[in-house]
Each structure stands twice: as C-alpha cells, then as structure tokens.
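*Asks:* Take a look at run_31.cif, mmCIF, C-alpha atoms:
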```
data_data
loop_
_atom_site.label_atom_id
_atom_site.label_comp_id
_atom_site.auth_asym_id
_atom_site.auth_seq_id
_atom_site.Cartn_x
_atom_site.Cartn_y
_atom_site.Cartn_z
CA MET A 150 37.22 -45.36 56.83
CA GLY A 151 34.19 -43.18 56.45
CA ARG A 152 32.93 -39.78 55.45
CA SER A 153 30.51 -37.13 56.58
CA LEU A 154 27.44 -36.12 54.57
CA GLY A 155 25.24 -33.38 55.97
CA GLY A 156 26.63 -34.02 59.44
CA ALA A 157 25.93 -37.78 59.29
CA PHE A 158 28.76 -40.31 59.49
CA LEU A 159 28.70 -42.83 56.64
CA PRO A 160 31.06 -45.82 56.89
CA ASP A 161 32.75 -47.01 53.71
CA ALA A 162 31.59 -50.33 52.31
CA ASP A 163 34.75 -52.13 53.45
CA TYR A 164 34.71 -50.74 56.98
CA THR A 165 32.93 -52.00 60.08
CA LEU A 166 32.25 -49.54 62.88
CA THR A 167 32.61 -51.18 66.28
CA GLY A 168 32.76 -49.72 69.75
CA THR A 169 30.65 -48.75 72.71
CA TRP A 170 27.33 -46.92 72.59
CA THR A 171 26.89 -44.66 75.60
CA GLY A 172 23.82 -42.45 75.66
CA GLY A 173 24.04 -40.36 72.49
CA THR A 174 27.71 -41.02 71.76
CA PHE A 175 29.27 -43.87 69.82
CA ASP A 176 33.03 -43.80 70.55
CA GLY A 177 33.21 -40.05 70.14
CA ILE A 178 30.64 -39.80 67.33
CA THR A 179 27.76 -37.86 68.81
CA LEU A 180 24.27 -38.66 67.58
CA THR A 181 21.48 -36.58 69.01
CA SER A 182 17.74 -37.04 69.00
CA SER A 183 14.75 -36.38 71.19
CA PRO A 184 13.57 -38.73 72.53
CA THR A 185 16.83 -40.64 73.07
CA MET A 186 17.88 -42.77 70.13
CA ALA A 187 18.52 -46.48 70.41
CA ALA A 188 21.94 -47.77 69.45
CA PRO A 189 22.40 -47.76 65.66
CA VAL A 190 24.19 -50.59 63.90
CA PHE A 191 26.82 -49.79 61.27
CA SER A 192 28.17 -52.69 59.24
CA GLY A 193 30.02 -53.26 56.01
CA ALA A 194 31.77 -55.90 53.95
CA ALA A 195 34.79 -55.99 51.66
CA THR A 196 32.53 -57.03 48.79
CA GLY A 197 31.00 -53.56 48.73
CA SER A 198 27.64 -54.62 50.15
CA GLY A 199 27.80 -52.15 53.01
CA THR A 200 24.65 -51.51 55.01
CA LEU A 201 23.46 -49.02 57.56
CA ALA A 202 20.84 -50.50 59.87
CA TYR A 203 19.05 -48.39 62.46
CA THR A 204 16.02 -49.06 64.62
CA ASP A 205 14.31 -46.90 67.22
CA THR A 206 11.25 -47.05 69.47
CA LEU A 207 9.35 -43.87 70.29
CA THR A 208 7.12 -43.76 73.36
CA ALA A 209 6.09 -40.10 73.67
CA SER A 210 2.38 -39.30 73.29
CA SER A 211 2.89 -36.10 71.29
CA TYR A 212 5.38 -34.68 68.81
CA ALA A 213 3.78 -31.25 68.48
CA ALA A 214 6.37 -29.38 70.54
CA SER A 215 8.43 -28.53 67.44
CA THR A 216 7.63 -27.98 63.78
CA HIS A 217 8.38 -31.62 62.98
CA TYR A 218 10.19 -34.69 64.22
CA ASP A 219 12.38 -36.59 61.76
CA GLU A 220 13.96 -39.92 62.57
CA MET A 221 16.51 -39.33 59.81
CA TYR A 222 16.93 -35.92 58.19
CA SER A 223 18.78 -34.71 55.13
CA LYS A 224 18.58 -31.05 54.11
CA VAL A 225 20.29 -29.10 51.34
CA THR A 226 20.15 -25.29 51.37
CA LEU A 227 20.94 -23.60 48.06
CA THR A 228 22.47 -20.12 48.35
CA PRO A 229 24.06 -19.28 44.97
CA ALA A 230 25.24 -15.79 44.14
CA THR A 231 22.51 -15.48 41.50
CA SER A 232 21.25 -18.79 40.09
CA VAL A 233 22.13 -22.47 40.22
CA THR A 234 21.84 -25.32 37.68
CA ALA A 235 21.82 -29.08 38.23
CA ALA A 236 22.01 -30.75 34.83
CA ASN A 237 22.98 -34.11 36.32
CA GLY A 238 20.68 -33.95 39.34
CA LEU A 239 20.82 -32.51 42.84
CA ASN A 240 19.18 -34.69 45.45
CA ALA A 241 18.81 -34.44 49.22
CA PHE A 242 18.43 -38.21 49.21
CA ARG A 243 18.81 -40.75 46.41
CA GLY A 244 18.27 -44.48 46.17
CA GLU A 245 19.54 -46.39 43.15
CA ILE A 246 19.72 -50.01 42.02
CA ASN A 247 21.91 -51.06 39.08
CA LEU A 248 21.34 -54.41 37.37
CA THR A 249 24.52 -55.65 35.71
CA ALA A 250 24.24 -56.00 31.93
CA GLY A 251 23.57 -59.56 30.79
CA LYS A 252 22.16 -60.63 34.16
CA THR A 253 18.58 -61.65 35.00
CA LEU A 254 16.36 -60.28 37.72
CA GLY A 255 13.93 -62.78 39.18
CA SER A 256 14.37 -65.72 36.77
CA GLY A 257 10.58 -65.95 36.58
CA SER A 258 10.09 -66.00 40.36
CA PRO A 259 8.41 -63.15 42.30
CA SER A 260 10.94 -60.48 43.28
CA PHE A 261 10.29 -57.14 44.97
CA VAL A 262 12.96 -54.55 44.20
CA THR A 263 12.78 -50.79 44.75
CA GLY A 264 15.12 -47.83 44.62
CA VAL A 265 13.29 -46.23 47.55
CA TYR A 266 10.81 -48.08 49.77
CA GLY A 267 8.37 -46.62 52.26
CA ARG A 268 6.06 -48.65 54.45
CA VAL A 269 3.55 -48.15 57.27
CA ASN A 270 2.39 -51.14 59.33
CA PHE A 271 -1.01 -50.66 60.95
CA ASN A 272 -0.88 -53.79 63.15
CA THR A 273 -4.67 -53.60 63.82
CA ALA A 274 -4.23 -50.13 65.37
CA THR A 275 -6.74 -47.26 65.04
CA VAL A 276 -6.11 -44.37 62.66
CA ASN A 277 -8.01 -41.21 63.60
CA ILE A 278 -6.12 -38.21 62.22
CA ALA A 279 -8.99 -35.98 61.01
CA SER A 280 -7.63 -33.90 58.09
CA GLY A 281 -4.06 -35.13 58.65
CA ASP A 282 -1.98 -37.27 56.29
CA LEU A 283 -0.76 -40.86 56.54
CA ALA A 284 1.45 -42.05 53.70
CA ALA A 285 4.19 -44.60 53.09
CA VAL A 286 5.84 -42.17 50.66
CA TYR A 287 4.91 -38.46 50.65
CA GLY A 288 5.80 -35.63 48.32
CA LYS A 289 5.08 -32.00 49.18
CA PHE A 290 5.66 -28.54 47.73
CA ASP A 291 5.73 -25.37 49.82
CA MET A 292 5.73 -22.93 46.92
CA GLY A 293 5.20 -19.61 48.61
CA SER A 294 2.51 -17.37 47.21
CA THR A 295 4.98 -15.02 45.49
CA SER A 296 7.15 -17.60 43.70
CA THR A 297 7.53 -17.32 39.93
CA LEU A 298 7.13 -20.55 37.92
CA THR A 299 8.05 -20.24 34.24
CA SER A 300 8.94 -23.67 32.85
CA GLY A 301 9.69 -27.30 33.60
CA HIS A 302 7.86 -30.37 34.85
CA ILE A 303 6.81 -29.24 38.31
CA ALA A 304 5.07 -31.77 40.54
CA PRO A 305 5.65 -33.07 44.08
CA VAL A 306 5.59 -36.67 42.82
CA GLN A 307 6.95 -37.65 39.41
CA SER A 308 7.59 -40.78 37.35
CA ASN A 309 9.91 -41.07 34.36
CA ILE A 310 10.71 -44.05 32.11
CA VAL A 311 13.83 -43.69 29.95
CA ASN A 312 14.57 -45.73 26.79
CA PRO A 313 11.85 -48.39 27.07
CA PRO A 314 12.46 -51.50 24.90
CA ALA A 315 9.93 -52.79 22.38
CA SER A 316 8.71 -55.37 24.91
CA ALA A 317 7.51 -52.56 27.19
CA ALA A 318 4.44 -52.16 24.98
CA THR A 319 3.66 -55.86 24.60
CA THR A 320 4.02 -57.43 28.05
CA GLY A 321 1.18 -55.46 29.62
CA ALA A 322 3.31 -54.99 32.71
CA VAL A 323 4.91 -51.56 32.20
CA ALA A 324 3.09 -48.43 33.39
CA LEU A 325 4.10 -44.95 34.50
CA PHE A 326 2.02 -45.38 37.64
CA TYR A 327 0.69 -48.59 39.15
CA GLY A 328 -1.54 -49.10 42.13
CA GLU A 329 -2.93 -52.32 43.55
CA SER A 330 -5.48 -53.20 46.20
CA ALA A 331 -6.80 -56.60 45.20
CA SER A 332 -7.22 -58.50 48.46
CA GLY A 333 -9.54 -58.12 51.43
CA THR A 334 -12.23 -55.46 51.68
CA LYS A 335 -12.58 -52.98 48.82
CA ILE A 336 -11.20 -49.45 49.22
CA ASN A 337 -13.02 -46.19 48.47
CA ALA A 338 -11.26 -45.10 45.26
CA GLY A 339 -8.33 -45.83 42.97
CA LEU A 340 -7.62 -42.12 42.61
CA GLU A 341 -8.80 -39.13 44.62
CA LEU A 342 -8.18 -35.51 43.63
CA TYR A 343 -8.87 -32.50 45.82
CA MET A 344 -7.58 -29.43 44.04
CA ALA A 345 -8.09 -26.08 42.35
CA SER A 346 -6.81 -26.48 38.78
CA ASN A 347 -7.49 -25.64 35.15
CA PHE A 348 -7.96 -29.25 34.07
CA ALA A 349 -8.75 -32.60 35.65
CA PHE A 350 -6.22 -34.31 33.36
CA VAL A 351 -3.69 -33.19 30.75
CA MET A 352 -2.78 -35.98 28.31
CA THR A 353 -0.52 -35.79 25.24
CA ASP A 354 -0.23 -38.70 22.83
CA VAL A 355 3.48 -38.56 21.93
CA ASN A 356 3.26 -40.72 18.77
CA THR A 357 -0.30 -39.70 17.82
CA SER A 358 -3.20 -42.16 17.61
CA ASN A 359 -1.84 -44.50 20.29
CA PHE A 360 -4.18 -43.85 23.22
CA LEU A 361 -5.91 -40.79 21.68
CA PRO A 362 -7.00 -42.08 18.28
CA ALA A 363 -9.17 -40.05 15.94
CA ILE A 364 -12.11 -42.24 14.95
CA SER A 365 -14.95 -41.31 12.64
CA ASN A 366 -18.01 -43.54 12.43
CA THR A 367 -21.65 -43.53 13.40
CA THR A 368 -20.80 -43.91 17.10
CA LEU A 369 -17.49 -42.07 17.57
CA ASN A 370 -16.48 -38.86 15.86
CA GLY A 371 -13.22 -37.06 16.58
CA LEU A 372 -10.59 -37.64 19.27
CA ASN A 373 -11.25 -40.45 21.72
CA ILE A 374 -9.54 -41.79 24.83
CA LYS A 375 -8.52 -45.43 24.42
CA VAL A 376 -8.81 -47.43 27.66
CA GLN A 377 -8.82 -51.05 28.71
CA LEU A 378 -11.49 -52.24 31.15
CA ASN A 379 -11.37 -55.82 32.43
CA GLY A 380 -9.15 -56.75 29.50
CA THR A 381 -11.42 -55.25 26.81
CA THR A 382 -10.61 -52.11 24.79
CA TYR A 383 -13.09 -49.23 24.94
CA TYR A 384 -13.15 -45.65 23.67
CA ILE A 385 -14.30 -42.67 25.68
CA PRO A 386 -15.62 -40.02 23.27
CA THR A 387 -14.63 -36.40 23.69
CA LYS A 388 -15.91 -33.07 22.46
CA GLN A 389 -13.54 -30.23 21.67
CA ALA A 390 -14.15 -26.99 23.52
CA ALA A 391 -15.77 -24.29 21.43
#
```
Could you write out this structure as structure tokens?
*Replies:*
Amino acid sequence: MGRSLGGAFLPDADYTLTGTWTGGTFDGITLTSSPTMAAPVFSGAATGSGTLAYTDTLTASSYAASTHYDEMYSKVTLTPATSVTAANGLNAFRGEINLTAGKTLGSGSPSFVTGVYGRVNFNTATVNIASGDLAAVYGKFDMGSTSTLTSGHIAPVQSNIVNPPASAATTGAVALFYGESASGTKINAGLELYMASNFAFVMTDVNTSNFLPAISNTTLNGLNIKVQLNGTTYYIPTKQAA
C-alpha cells in the first residue's frame, strides 16, 4: 500500500490513493501546513511509474514569523553513540535516473533530463531582496565556529563524474560544471565569488600536462593554464610563488 518516510506518506508505485480531502486531512492522513495546503494528488501505476504531484498557492505577505517556511521538508538528525559512517551514502533527499543498458536517450533530438530539478519563474515580477538570496537550487553549510574539519571534499555544492568513457573527452559536451545564458540581454558575470579564502582557485591536473601543461619557449616558460576561448586554444602563463 504505502510507507512512511520522515512522517510523510509515500504510496507504492502500484497503489492509487483516493478519497476525500477535508481541510488538512485526507481520509485520516493528516497533512499540516500554514497557510492551509491545497489538496495534494497521489497517483501510481502498476508499471512502476508512480508519481506524487502536489501544488499549492501561498497568499500571505510575509513568512518571517518563524525561522523558515518549507513547502516540503525532509530532515535527518544523526545521534550516534560516538561516530557514524555512511560508505554508501546518507541523504535527506535523493533523486536518481537510471538509463537501461543498451537503450538510447534522445535519439539525436533535444531532451532535458535531470536527477533533481529546481526552477524559479519570474513572470515579469519585480525582485528586490537587498542582500537576500534567490536560487533555483541552493546549497548551504552552517558549520559552527567551533567545528573541527580534518579531511574530505567539503563543499555546499559538489559535482562528480564517475567512469567517463573515451568519448567524454572528444565530444566537447562533457563538463563538471556548465552554465548557459545565451539569449536576451547579457548578464553581469559567468561566475561571482565573495569569500575569505586562501586561494581563488585550486586546480590539480590528474594525468599531468592535460590542462596544466609545462611549456618552455620564448613566450611561455613553466606551468600554464590551458583554456579555450571562442573555440581557440590559449595558454595563461603562471609564476610559481617564491
């Protein structure tokens, strides 16, 4: 039938939840929110393509009465006796898409597929949030000034490519991070950093001489950063710190 995860009812893929929505209760399943939630729609199919669709309209003028307002909320609190490990991953929320081996995605036609998708529609509205944040997807750390960080890859937003094929280096389409703003009026910057840090960038050439080749000639001497600008390869010279 269904199961509970973090207090939320999740219908199985082959189960359809039907009944009457009255206020904050759906046939005995109580869903609470402030302001009042609209009726959610739970649906599923025997093929395993179950979906959970939910829409809501908020009309309040302020959401500053509490620390935050979350339309959907998933929280995991870790309280081990001493320490905890998660070799296979521990996620408050996870999205995953699996492409069956031997199948084709897209067949040459444009396709837009994501494991997790965030979107904000402006609809010609005005954005005036001073030093606030507006993001389709947002990552944040609250580290605490007395935390001890000793090892690992620690960043609020990360990207990881595993087992890339040989074609990943030849198609020109695979990148760890990709951003695009190619239509309409130009934006202010492709990347903006506001931080206190030791370095602006930390780059390590895994296979040596790929994007950090050592070149010695009358123009370049030593380690250089290999970049592509408008389809042409250039080298940015560097000077090692004394």
*Asks:* For region 273-288 of chain A, list every protein, DNA or RNA residue within 9 Å, evaluated using all atoms listed in the file, and leave out those in the same chain fewer than 5 positions away; present the list as a VMD selection string.
*Replies:* chain A and resid 266 to 268 304 to 306
*Asks:* So what does the PyMOL selection byres ((chain A and resi 361) around 7) actually pick up in this one, as a PDB file with C-alpha atoms, in the frame of the given file?
*Replies:*
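And here is the file that came out, selection_22.pdb:
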```
ATOM      1  CA  ASP A 354      -0.230 -38.700  22.830  1.00  0.00           C
ATOM      2  CA  THR A 357      -0.300 -39.700  17.820  1.00  0.00           C
ATOM      3  CA  SER A 358      -3.200 -42.160  17.610  1.00  0.00           C
ATOM      4  CA  ASN A 359      -1.840 -44.500  20.290  1.00  0.00           C
ATOM      5  CA  PHE A 360      -4.180 -43.850  23.220  1.00  0.00           C
ATOM      6  CA  PRO A 362      -7.000 -42.080  18.280  1.00  0.00           C
ATOM      7  CA  ALA A 363      -9.170 -40.050  15.940  1.00  0.00           C
ATOM      8  CA  LEU A 372     -10.590 -37.640  19.270  1.00  0.00           C
ATOM      9  CA  ASN A 373     -11.250 -40.450  21.720  1.00  0.00           C
ATOM     10  CA  ILE A 374      -9.540 -41.790  24.830  1.00  0.00           C
ATOM     11  CA  LYS A 375      -8.520 -45.430  24.420  1.00  0.00           C
TER      12      LYS A 375
END
```
*Asks:* Please compute the CA of Pro386 (chain A)-CA of Leu369 (chain A) distance, one decimal, in Å.
*Replies:*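 Distance reported for this atom pair: 6.3 Å.
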*Asks:* On this structure, the PyMOL selection byres ((chain A and resi 326) around 12) would catch which residues? List them as a ChimeraX atom specification, sorted by chain and number.
*Replies:* /A:306-310,322-325,327-329,339-340
*Asks:* Would you work out the distance separating CA of Lys289 (chain A) from CA of Ala241 (chain A), expressed in Å to one decimal?
*Replies:*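 Between CA of Lys289 (chain A) and CA of Ala241 (chain A) the gap is 13.9 Å.
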*Asks:* Report, in Å to a single decimal, how far apart CA of Gly264 (chain A) and CA of Asn247 (chain A) are.
*Replies:*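 Value for the CA of Asn247 (chain A)-CA of Gly264 (chain A) distance: 9.3 Å.
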*Asks:* Scan for residues within 12 Å of the point (18.6, -50.5, 34.6) in the coordinates of the file, using all atoms listed in the file, and reply as an mmCIF file with C-alpha atoms, in the coordinates of the input.
*Replies:*
```cif
data_model
loop_
_atom_site.group_PDB
_atom_site.id
_atom_site.type_symbol
_atom_site.label_atom_id
_atom_site.label_comp_id
_atom_site.auth_asym_id
_atom_site.auth_seq_id
_atom_site.Cartn_x
_atom_site.Cartn_y
_atom_site.Cartn_z
ATOM 1 C CA GLU A 245 19.540 -46.390 43.150
ATOM 2 C CA ILE A 246 19.720 -50.010 42.020
ATOM 3 C CA ASN A 247 21.910 -51.060 39.080
ATOM 4 C CA LEU A 248 21.340 -54.410 37.370
ATOM 5 C CA THR A 249 24.520 -55.650 35.710
ATOM 6 C CA ALA A 250 24.240 -56.000 31.930
ATOM 7 C CA GLY A 251 23.570 -59.560 30.790
ATOM 8 C CA LYS A 252 22.160 -60.630 34.160
ATOM 9 C CA THR A 253 18.580 -61.650 35.000
ATOM 10 C CA LEU A 254 16.360 -60.280 37.720
ATOM 11 C CA VAL A 262 12.960 -54.550 44.200
ATOM 12 C CA THR A 263 12.780 -50.790 44.750
ATOM 13 C CA GLY A 264 15.120 -47.830 44.620
ATOM 14 C CA ILE A 310 10.710 -44.050 32.110
ATOM 15 C CA VAL A 311 13.830 -43.690 29.950
ATOM 16 C CA ASN A 312 14.570 -45.730 26.790
ATOM 17 C CA PRO A 313 11.850 -48.390 27.070
ATOM 18 C CA PRO A 314 12.460 -51.500 24.900
#
```
*Asks:* Here is a test: counting all atoms listed in the file, which residue of A:Asn240, A:Phe290, A:Asn272, A:Leu342 is nearest to Ser223 (chain A)?
*Replies:* A:Asn240
